[in-house]
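Colleague: Sharing final.txt here; it has compact mmCIF, C-alpha atoms.
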```
# COMPACT_ATOMS: atom_id res chain seq x y z
CA MET N 1 20.37 -26.17 17.30
CA SER N 2 23.04 -24.23 15.39
CA ASN N 3 23.50 -27.14 12.96
CA LEU N 4 19.74 -27.25 12.37
CA MET N 5 19.66 -23.53 11.67
CA TYR N 6 22.63 -23.74 9.31
CA ALA N 7 21.03 -26.62 7.39
CA GLY N 8 17.73 -24.76 7.33
CA TRP N 9 19.33 -21.64 5.86
CA ALA N 10 21.00 -23.70 3.16
CA ARG N 11 17.68 -25.30 2.31
CA LEU N 12 15.72 -22.05 2.43
CA LYS N 13 17.94 -20.54 -0.26
CA LYS N 14 16.93 -23.38 -2.59
CA GLU N 15 13.27 -23.64 -1.57
CA LYS N 16 11.14 -22.95 -4.64
CA ILE N 17 7.96 -22.17 -2.70
CA PHE N 18 9.83 -19.48 -0.75
CA TRP N 19 10.97 -17.70 -3.90
CA CYS N 20 7.57 -18.13 -5.55
CA LEU N 21 5.82 -16.51 -2.59
CA MET N 22 8.37 -13.70 -2.52
CA LEU N 23 7.88 -13.09 -6.24
CA LEU N 24 4.12 -13.06 -5.73
CA MET N 25 4.43 -10.40 -3.04
CA ILE N 26 6.80 -8.30 -5.15
CA VAL N 27 4.38 -8.36 -8.07
CA SER N 28 1.52 -7.54 -5.70
CA ALA N 29 3.45 -4.55 -4.36
CA LEU N 30 4.02 -3.22 -7.87
CA LEU N 31 0.39 -3.69 -8.86
CA MET N 32 -0.92 -2.04 -5.70
CA CYS N 33 1.38 0.96 -6.16
CA MET N 34 0.21 1.37 -9.75
CA ASP N 35 -3.43 0.95 -8.79
CA ARG N 36 -3.22 3.50 -5.98
CA TYR N 37 -1.32 5.91 -8.23
CA GLN N 38 -4.06 5.72 -10.86
CA SER N 39 -6.67 6.31 -8.17
CA VAL N 40 -4.83 9.36 -6.85
CA LYS N 41 -4.48 10.81 -10.35
CA GLN N 42 -8.16 10.25 -11.00
CA ILE N 43 -9.13 11.96 -7.75
CA GLN N 44 -6.89 14.91 -8.58
CA GLN N 45 -8.59 15.15 -11.95
CA TRP N 46 -12.00 15.15 -10.31
CA GLN N 47 -10.88 17.90 -7.94
CA GLN N 48 -9.78 20.08 -10.85
CA GLU N 49 -13.05 19.72 -12.72
CA SER N 50 -16.04 21.89 -11.90
CA GLU N 51 -18.84 20.07 -10.14
CA ALA N 52 -21.66 19.39 -12.57
CA SER N 53 -24.18 18.77 -9.79
CA ALA N 54 -24.42 18.45 -6.05
CA ALA N 55 -24.75 14.68 -6.39
CA GLU N 56 -21.52 14.45 -8.37
CA GLY N 57 -19.79 16.66 -5.87
CA GLU N 58 -20.89 14.40 -3.05
CA ALA N 59 -19.58 11.37 -4.94
CA ASP N 60 -16.24 13.12 -5.39
CA ARG N 61 -16.01 13.86 -1.69
CA GLN N 62 -16.78 10.24 -0.82
CA ASP N 63 -14.04 9.00 -3.15
CA ILE N 64 -11.56 11.48 -1.73
CA GLU N 65 -12.47 10.35 1.78
CA LEU N 66 -11.90 6.73 0.74
CA TYR N 67 -8.28 7.60 -0.04
CA GLY N 68 -8.04 10.16 2.74
CA THR N 69 -4.95 8.53 4.23
CA PRO N 70 -1.62 9.20 2.52
CA PRO N 71 -1.43 6.86 -0.48
CA PHE N 72 1.98 5.50 0.57
CA ASP N 73 0.68 4.40 3.98
CA GLY N 74 -2.38 2.82 2.38
CA VAL N 75 -0.14 0.55 0.30
CA PHE N 76 2.83 0.02 2.61
CA PHE N 77 1.02 -2.06 5.26
CA GLN N 78 -1.13 -4.18 2.95
CA TRP N 79 1.22 -7.15 3.46
CA ALA N 80 -0.26 -7.56 6.93
CA ALA N 81 -3.60 -8.71 5.50
CA VAL N 82 -2.10 -11.77 3.74
CA THR N 83 0.78 -12.72 6.04
CA GLY N 84 -1.20 -15.58 7.55
CA GLN N 85 -1.86 -17.18 4.17
CA ILE N 86 1.76 -16.70 3.07
CA VAL N 87 3.17 -18.34 6.20
CA ALA N 88 0.58 -21.14 6.07
CA VAL N 89 1.48 -22.09 2.51
CA PHE N 90 5.21 -21.91 3.21
CA ALA N 91 4.94 -24.03 6.35
CA GLY N 92 2.78 -26.62 4.60
CA PHE N 93 5.44 -27.17 1.94
CA PHE N 94 8.60 -26.58 3.99
CA ILE N 95 7.72 -28.71 7.03
CA GLY N 96 5.70 -31.20 5.00
CA THR N 97 8.71 -31.92 2.78
CA ASP N 98 10.70 -32.85 5.89
CA TYR N 99 8.12 -35.55 6.59
CA SER N 100 7.80 -36.80 3.03
CA ASP N 101 11.59 -37.01 2.57
CA GLY N 102 12.20 -38.61 5.96
CA THR N 103 14.36 -35.68 7.04
CA LEU N 104 12.73 -35.32 10.46
CA ARG N 105 13.46 -38.92 11.36
CA ASN N 106 17.05 -38.53 10.18
CA LYS N 107 17.48 -35.43 12.36
CA ILE N 108 16.43 -37.40 15.42
CA LEU N 109 18.77 -40.27 14.50
CA ALA N 110 21.58 -37.72 14.19
CA GLY N 111 21.06 -36.80 17.85
CA HIS N 112 19.02 -33.60 17.61
CA GLY N 113 16.40 -33.10 20.32
CA ARG N 114 12.76 -32.97 19.36
CA SER N 115 12.26 -29.56 20.93
CA ALA N 116 15.18 -28.17 18.91
CA ILE N 117 13.76 -29.67 15.72
CA TYR N 118 10.31 -28.28 16.46
CA LEU N 119 11.58 -24.77 17.29
CA SER N 120 13.83 -24.69 14.22
CA GLY N 121 10.71 -25.23 12.12
CA PHE N 122 9.02 -22.32 13.90
CA TRP N 123 12.02 -20.05 13.32
CA PHE N 124 12.12 -20.73 9.61
CA CYS N 125 8.37 -20.28 9.18
CA THR N 126 8.73 -16.90 10.89
CA ILE N 127 11.94 -15.92 9.08
CA ALA N 128 10.44 -16.77 5.70
CA GLY N 129 7.36 -14.69 6.46
CA VAL N 130 9.47 -11.74 7.61
CA LEU N 131 11.72 -11.87 4.55
CA ILE N 132 8.75 -12.04 2.18
CA ASN N 133 7.12 -9.08 3.95
CA LEU N 134 10.39 -7.14 3.78
CA ALA N 135 10.54 -7.78 0.03
CA TYR N 136 7.04 -6.31 -0.32
CA MET N 137 7.90 -3.25 1.78
CA GLY N 138 11.17 -2.74 -0.06
CA VAL N 139 9.40 -2.61 -3.42
CA VAL N 140 6.77 -0.22 -2.06
CA MET N 141 9.51 2.08 -0.77
CA LEU N 142 11.41 2.01 -4.07
CA VAL N 143 8.30 2.65 -6.15
CA GLY N 144 5.95 4.38 -3.73
CA ILE N 145 8.22 7.11 -2.38
CA PRO N 146 8.88 8.62 -5.84
CA LEU N 147 5.16 8.37 -6.66
CA PHE N 148 3.56 9.43 -3.36
CA GLY N 149 6.30 11.25 -1.49
CA GLY N 150 6.62 8.89 1.47
CA SER N 151 4.70 8.28 4.67
CA GLY N 152 2.50 10.79 6.43
CA MET N 153 2.68 8.80 9.67
CA ALA N 154 4.95 9.60 12.60
CA TRP N 155 8.06 7.44 12.64
CA ASP N 156 7.41 6.17 16.16
CA ARG N 157 4.01 4.93 14.97
CA VAL N 158 5.57 3.25 11.95
CA ALA N 159 8.12 1.57 14.23
CA LEU N 160 5.34 0.32 16.52
CA LEU N 161 3.40 -1.16 13.60
CA LEU N 162 6.51 -2.85 12.22
CA PHE N 163 7.22 -4.34 15.65
CA ASP N 164 3.59 -5.49 15.89
CA GLY N 165 3.90 -6.97 12.40
CA LEU N 166 7.04 -8.87 13.34
CA LEU N 167 5.39 -10.52 16.33
CA MET N 168 2.18 -11.09 14.35
CA THR N 169 4.24 -12.98 11.76
CA ALA N 170 5.80 -14.99 14.59
CA ALA N 171 2.33 -15.88 15.89
CA PHE N 172 1.30 -17.07 12.43
CA GLY N 173 4.57 -18.99 12.22
CA ALA N 174 3.88 -20.71 15.54
CA ILE N 175 0.36 -21.73 14.51
CA SER N 176 1.38 -22.96 11.06
CA ASN N 177 4.41 -24.81 12.41
CA LEU N 178 2.26 -26.54 15.03
CA ILE N 179 -0.15 -27.81 12.40
CA SER N 180 2.58 -28.89 9.99
CA MET N 181 4.63 -30.64 12.67
CA LEU N 182 1.70 -32.64 13.99
CA ILE N 183 0.33 -33.72 10.58
CA SER N 184 2.69 -36.11 8.81
CA SER N 185 1.14 -35.72 5.36
CA ARG N 186 2.33 -32.68 3.42
CA THR N 187 -0.96 -32.48 1.52
CA TYR N 188 -3.15 -32.72 4.60
CA GLY N 189 -0.87 -30.39 6.54
CA LEU N 190 -1.06 -27.77 3.81
CA MET N 191 -4.84 -28.11 3.62
CA ALA N 192 -5.16 -27.82 7.39
CA ASN N 193 -2.94 -24.73 7.46
CA ILE N 194 -4.99 -22.99 4.79
CA ALA N 195 -8.24 -24.05 6.46
CA VAL N 196 -7.17 -22.63 9.85
CA THR N 197 -6.05 -19.31 8.37
CA CYS N 198 -9.29 -19.05 6.37
CA LEU N 199 -11.29 -19.83 9.52
CA MET N 200 -9.49 -17.07 11.41
CA MET N 201 -10.18 -14.67 8.55
CA MET N 202 -13.87 -15.61 8.54
CA ILE N 203 -14.08 -14.94 12.27
CA VAL N 204 -12.39 -11.58 11.78
CA VAL N 205 -14.78 -10.65 8.96
CA LEU N 206 -17.78 -11.41 11.18
CA VAL N 207 -16.29 -9.48 14.10
CA TRP N 208 -15.27 -6.61 11.81
CA ASN N 209 -18.78 -6.30 10.36
CA ALA N 210 -20.30 -6.35 13.84
CA LEU N 211 -17.93 -3.67 15.16
CA HIS N 212 -18.45 -1.44 12.12
CA ALA N 213 -22.24 -1.65 12.10
CA PRO N 214 -23.75 1.86 12.08
CA GLU N 215 -25.26 3.15 15.30
CA PHE N 216 -28.36 4.42 13.47
CA ILE N 217 -30.10 3.09 10.39
CA GLN N 218 -32.67 4.58 8.05
CA MET N 219 -35.94 2.72 8.37
CA VAL N 220 -38.71 4.80 6.83
CA GLU N 221 -39.20 8.16 5.21
CA MET N 222 -41.48 10.79 6.62
CA HIS N 223 -43.19 13.20 4.24
CA ILE N 224 -43.23 16.82 5.41
CA ASN N 225 -44.80 19.38 3.11
CA GLY N 226 -44.49 16.97 0.23
CA GLU N 227 -40.77 16.37 0.82
CA SER N 228 -39.24 13.09 1.92
CA VAL N 229 -37.25 13.32 5.13
CA PRO N 230 -35.23 10.27 6.25
CA SER N 231 -36.07 8.86 9.65
CA TRP N 232 -33.16 7.39 11.60
CA VAL N 233 -33.61 4.83 14.34
CA PRO N 234 -31.10 3.03 16.60
CA ASN N 235 -29.55 -0.05 15.00
CA PRO N 236 -30.44 -3.14 17.08
CA ARG N 237 -27.22 -4.81 15.86
CA TYR N 238 -24.97 -2.02 17.10
CA LEU N 239 -22.69 -3.40 19.80
CA THR N 240 -22.33 -1.57 23.09
CA GLY N 241 -20.81 -2.11 26.50
CA ALA N 242 -19.12 -5.35 27.48
CA LEU N 243 -20.20 -7.15 24.31
CA ARG N 244 -18.45 -4.57 22.14
CA GLU N 245 -15.32 -4.85 24.26
CA ALA N 246 -15.40 -8.64 23.89
CA TYR N 247 -15.66 -8.40 20.10
CA GLN N 248 -12.83 -5.86 20.03
CA PHE N 249 -10.69 -8.16 22.18
CA VAL N 250 -11.20 -11.03 19.73
CA GLU N 251 -10.22 -8.80 16.81
CA ASP N 252 -7.12 -7.54 18.63
CA MET N 253 -6.05 -10.97 19.89
CA LEU N 254 -6.28 -12.93 16.64
CA PRO N 255 -3.27 -12.40 14.38
CA SER N 256 -5.61 -12.18 11.40
CA GLY N 257 -7.54 -9.42 13.17
CA GLN N 258 -4.33 -7.50 13.78
CA GLY N 259 -3.39 -7.88 10.13
CA ALA N 260 -6.77 -6.61 8.94
CA GLN N 261 -6.58 -3.57 11.22
CA MET N 262 -2.98 -2.86 10.26
CA ALA N 263 -3.77 -3.04 6.54
CA SER N 264 -6.68 -0.61 6.98
CA LEU N 265 -4.60 1.61 9.32
CA GLU N 266 -7.02 1.22 12.22
CA MET N 267 -4.55 1.49 15.10
CA ILE N 268 -6.70 2.11 18.18
CA HIS N 269 -5.11 -0.71 20.19
CA ALA N 270 -1.87 -1.13 18.25
CA ASP N 271 0.15 -0.74 21.45
CA GLN N 272 -1.38 -4.02 22.73
CA TRP N 273 -1.03 -6.21 19.64
CA TRP N 274 2.58 -7.21 20.31
CA LEU N 275 1.58 -8.53 23.74
CA TYR N 276 -1.23 -10.71 22.34
CA SER N 277 1.04 -12.03 19.58
CA GLY N 278 3.80 -12.79 22.08
CA ILE N 279 1.42 -14.72 24.33
CA ILE N 280 0.06 -16.74 21.39
CA THR N 281 3.57 -17.49 20.11
CA ILE N 282 4.86 -18.71 23.47
CA ALA N 283 1.73 -20.71 24.31
CA VAL N 284 1.49 -22.41 20.90
CA ASN N 285 5.20 -23.26 20.82
CA ALA N 286 5.09 -24.68 24.34
CA ALA N 287 2.08 -26.85 23.50
CA GLY N 288 3.62 -27.88 20.20
CA CYS N 289 6.91 -28.97 21.78
CA LEU N 290 5.06 -31.14 24.27
CA ALA N 291 2.89 -32.70 21.57
CA PHE N 292 5.81 -33.28 19.19
CA ARG N 293 7.78 -35.12 21.87
CA LYS N 294 5.02 -37.72 22.04
CA LYS N 295 4.41 -37.97 18.29
CA ASN N 296 5.22 -41.26 16.59
CA LEU N 297 7.35 -40.49 13.53
CA ASN N 298 7.37 -44.03 12.15
```
As structure tokens, how would this structure be written, given the file I've shared?
Modeller:
Amino acid sequence: MSNLMYAGWARLKKEKIFWCLMLLMIVSALLMCMDRYQSVKQIQQWQQESEASAAEGEADRQDIELYGTPPFDGVFFQWAAVTGQIVAVFAGFFIGTDYSDGTLRNKILAGHGRSAIYLSGFWFCTIAGVLINLAYMGVVMLVGIPLFGGSGMAWDRVALLLFDGLLMTAAFGAISNLISMLISSRTYGLMANIAVTCLMMMIVVLVWNALHAPEFIQMVEMHINGESVPSWVPNPRYLTGALREAYQFVEDMLPSGQGAQMASLEMIHADQWWLYSGIITIAVNAAGCLAFRKKNLN
């Protein structure tokens, strides 16, 4: 296993897709910092101007509420929303190249066990994802702290989210490694990885919209003394009871759901995310090792 890890490190340093993805995240971090800084400056300008009308004042308050969280926190955790796609693309190229170059077969001929080969792939998918995320956070800290003054979140909460993010990345690494290891074609493996991550994101979007549906909706307007008064009625699509808990469980369990909540700083069940990610990582790796042992590499 140590020889596999050493060889993997040497290859990772030369892997073009790894450096391209890291560069993409670094540029994204810079752009997001600049965009949030411009938004903050614009809001400050609105606050300094006298309100021309009640409608304009309400619009200002809505915009301020949109950026109500400290700007640094709003940018710092945005990597969580795209970690699945980053790891999926990396795994599709990194593991797929092992197949296309015949490296996997050579590793077996050299005496390495299939489980060790499989788990080394998982480790490097996870390590690559973690390093790329660290590059993003490092840029945000270098640029964001001077601009925004740092985090407004308690350090124990930041530590919990970073721990959750680490295990979330491992869960994505396990899923992407499983797909790439079981599909011999690099092209098809990459396509399957992207398709699975997109499917998980679509599920999360549907669950997110259902959970964030308003409890009351405006249906009709009543006219009292010539004035229109909105009439609010219960929303039939508002989830309650066991059904709402089931939807929330799906959002918390899926790594993509954790990433979406982390990026939006919705941390109601953040203390449970690491457990779900750990279970997914162990279960997927166990199933993958068993399946890879029986796979025909010819």
Colleague: Please identify all polymer residues lying at most 12 Å from the point (1.3, -37.7, 8.3) (file coordinates), using all atoms listed in the file, and present the result as a list in words.
Modeller: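 Within 12 Å of (1.3, -37.7, 8.3), the protein and nucleic acid residues are Gly92, Ile95, Gly96, Thr97, Asp98, Tyr99, Ser100, Asp101, Gly102, Leu104, Ile179, Ser180, Met181, Leu182, Ile183, Ser184, Ser185, Arg186, Thr187, Tyr188, Gly189, Leu190, Ala192, Lys295, Asn296, Leu297 and Asn298 of chain N.
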Colleague: What would the file look like if the residues just selected were written as a PDB file, in the frame of the given file with C-alpha atoms?
Modeller:
```
ATOM      1  CA  GLY N  92       2.780 -26.620   4.600  1.00  0.00           C
ATOM      2  CA  ILE N  95       7.720 -28.710   7.030  1.00  0.00           C
ATOM      3  CA  GLY N  96       5.700 -31.200   5.000  1.00  0.00           C
ATOM      4  CA  THR N  97       8.710 -31.920   2.780  1.00  0.00           C
ATOM      5  CA  ASP N  98      10.700 -32.850   5.890  1.00  0.00           C
ATOM      6  CA  TYR N  99       8.120 -35.550   6.590  1.00  0.00           C
ATOM      7  CA  SER N 100       7.800 -36.800   3.030  1.00  0.00           C
ATOM      8  CA  ASP N 101      11.590 -37.010   2.570  1.00  0.00           C
ATOM      9  CA  GLY N 102      12.200 -38.610   5.960  1.00  0.00           C
ATOM     10  CA  LEU N 104      12.730 -35.320  10.460  1.00  0.00           C
ATOM     11  CA  ILE N 179      -0.150 -27.810  12.400  1.00  0.00           C
ATOM     12  CA  SER N 180       2.580 -28.890   9.990  1.00  0.00           C
ATOM     13  CA  MET N 181       4.630 -30.640  12.670  1.00  0.00           C
ATOM     14  CA  LEU N 182       1.700 -32.640  13.990  1.00  0.00           C
ATOM     15  CA  ILE N 183       0.330 -33.720  10.580  1.00  0.00           C
ATOM     16  CA  SER N 184       2.690 -36.110   8.810  1.00  0.00           C
ATOM     17  CA  SER N 185       1.140 -35.720   5.360  1.00  0.00           C
ATOM     18  CA  ARG N 186       2.330 -32.680   3.420  1.00  0.00           C
ATOM     19  CA  THR N 187      -0.960 -32.480   1.520  1.00  0.00           C
ATOM     20  CA  TYR N 188      -3.150 -32.720   4.600  1.00  0.00           C
ATOM     21  CA  GLY N 189      -0.870 -30.390   6.540  1.00  0.00           C
ATOM     22  CA  LEU N 190      -1.060 -27.770   3.810  1.00  0.00           C
ATOM     23  CA  ALA N 192      -5.160 -27.820   7.390  1.00  0.00           C
ATOM     24  CA  LYS N 295       4.410 -37.970  18.290  1.00  0.00           C
ATOM     25  CA  ASN N 296       5.220 -41.260  16.590  1.00  0.00           C
ATOM     26  CA  LEU N 297       7.350 -40.490  13.530  1.00  0.00           C
ATOM     27  CA  ASN N 298       7.370 -44.030  12.150  1.00  0.00           C
TER      28      ASN N 298
END
```
Colleague: Please provide as number ranges by chain all residues within 9 Å of Met253 (chain N), with the sequence filter that same-chain residues fewer than 5 positions apart are discarded (counting only C-alpha atoms).
Modeller: N: 248, 258, 272-273, 275-277, 280
Colleague: Would you work out the distance separating CA of Lys14 (chain N) from CA of Leu30 (chain N), expressed in Å to one decimal?
Modeller: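 These atoms are spaced 24.5 Å apart.
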Colleague: Please provide the set of residues having any atom within 9 Å of Leu254 (chain N), restricted to only C-alpha atoms, with same-chain residues fewer than 2 positions apart removed, written as a count of residues only.
Modeller: 14
Colleague: From the set N:Pro214, N:Gly173, N:Gly241, N:Pro71, which residue has the shortest atom-to-atom contact distance to Gln85 (chain N), counting all atoms listed in the file?
Modeller: N:Gly173
Colleague: Here is a test: counting all atoms listed in the file, which residue of N:Gln45, N:Ser264, N:Thr281, N:Thr83 is nearest to Trp123 (chain N)?
Modeller: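 Counting all atoms listed in the file, the residue closest to Trp123 (chain N) is N:Thr281.
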Colleague: Residues near Phe292 (chain N), anyone? I mean within 10 Å using all atoms listed in the file, not counting same-chain ones fewer than 6 positions away, as a PyMOL selection string.
Modeller: chain N and resi 114-115+117-118+178+181-182
Colleague: Which one is closest to Arg157 (chain N): N:Met32, N:Val207, N:Cys125, N:Met262? Count only C-alpha atoms.
Modeller: N:Met262
Colleague: Interatomic distance between CA of Ala81 (chain N) and CA of Met153 (chain N)?
Modeller: 19.1 Å
Colleague: Taking all atoms of region 125-137 of chain N that the file lists and extending 4 Å past them on each side, where is the centre of the axis-aligned box and how long are its edges? Answer in Å to one decimal, as lines of an AutoDock Vina configuration file.
Modeller:
```
center_x = 9.5
center_y = -11.8
center_z = 5.3
size_x = 12.9
size_y = 25.0
size_z = 19.2
```
Colleague: Please indicate the distance in Å from CA of Gln218 (chain N) to CA of Trp232 (chain N), rounded to one decimal place.
Modeller: 4.6 Å
Colleague: Which of these, N:Val87, N:Met25, N:Leu167, N:Leu239, has the shortest distance to Phe124 (chain N) once you count all atoms listed in the file?
Modeller: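 Closest to Phe124 (chain N), using all atoms listed in the file: N:Val87.
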Colleague: If you count all atoms listed in the file, which residues fall within 10 Å of Leu211 (chain N), apart from same-chain ones fewer than 6 positions away, as a list in words?
Modeller: Val205, Arg237, Tyr238, Leu239, Thr240, Arg244, Glu245, Tyr247, Gln248 and Glu251 of chain N
Colleague: Excluding Ser151 (chain N) and residues on its chain fewer than 3 positions from it, collect all residues at most 9 Å away from it, counting all atoms listed in the file, and give them as an MDAnalysis selection string.
Modeller: chainID N and resid 70:73 76 145 148 154:155 158
Colleague: Ranking N:Leu21, N:Leu265, N:Ile26, N:Ala291 by minimum distance to Met141 (chain N) and counting all atoms listed in the file, which one comes first?
Modeller: N:Ile26
Colleague: Compare N:Pro236, N:Cys33, N:Leu199, N:Leu160 by their minimum atom-to-atom distance to Ala213 (chain N), counting all atoms listed in the file, and give me the closest one.
Modeller: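 Checking each candidate against Ala213 (chain N), we get N:Pro236 as the closest.
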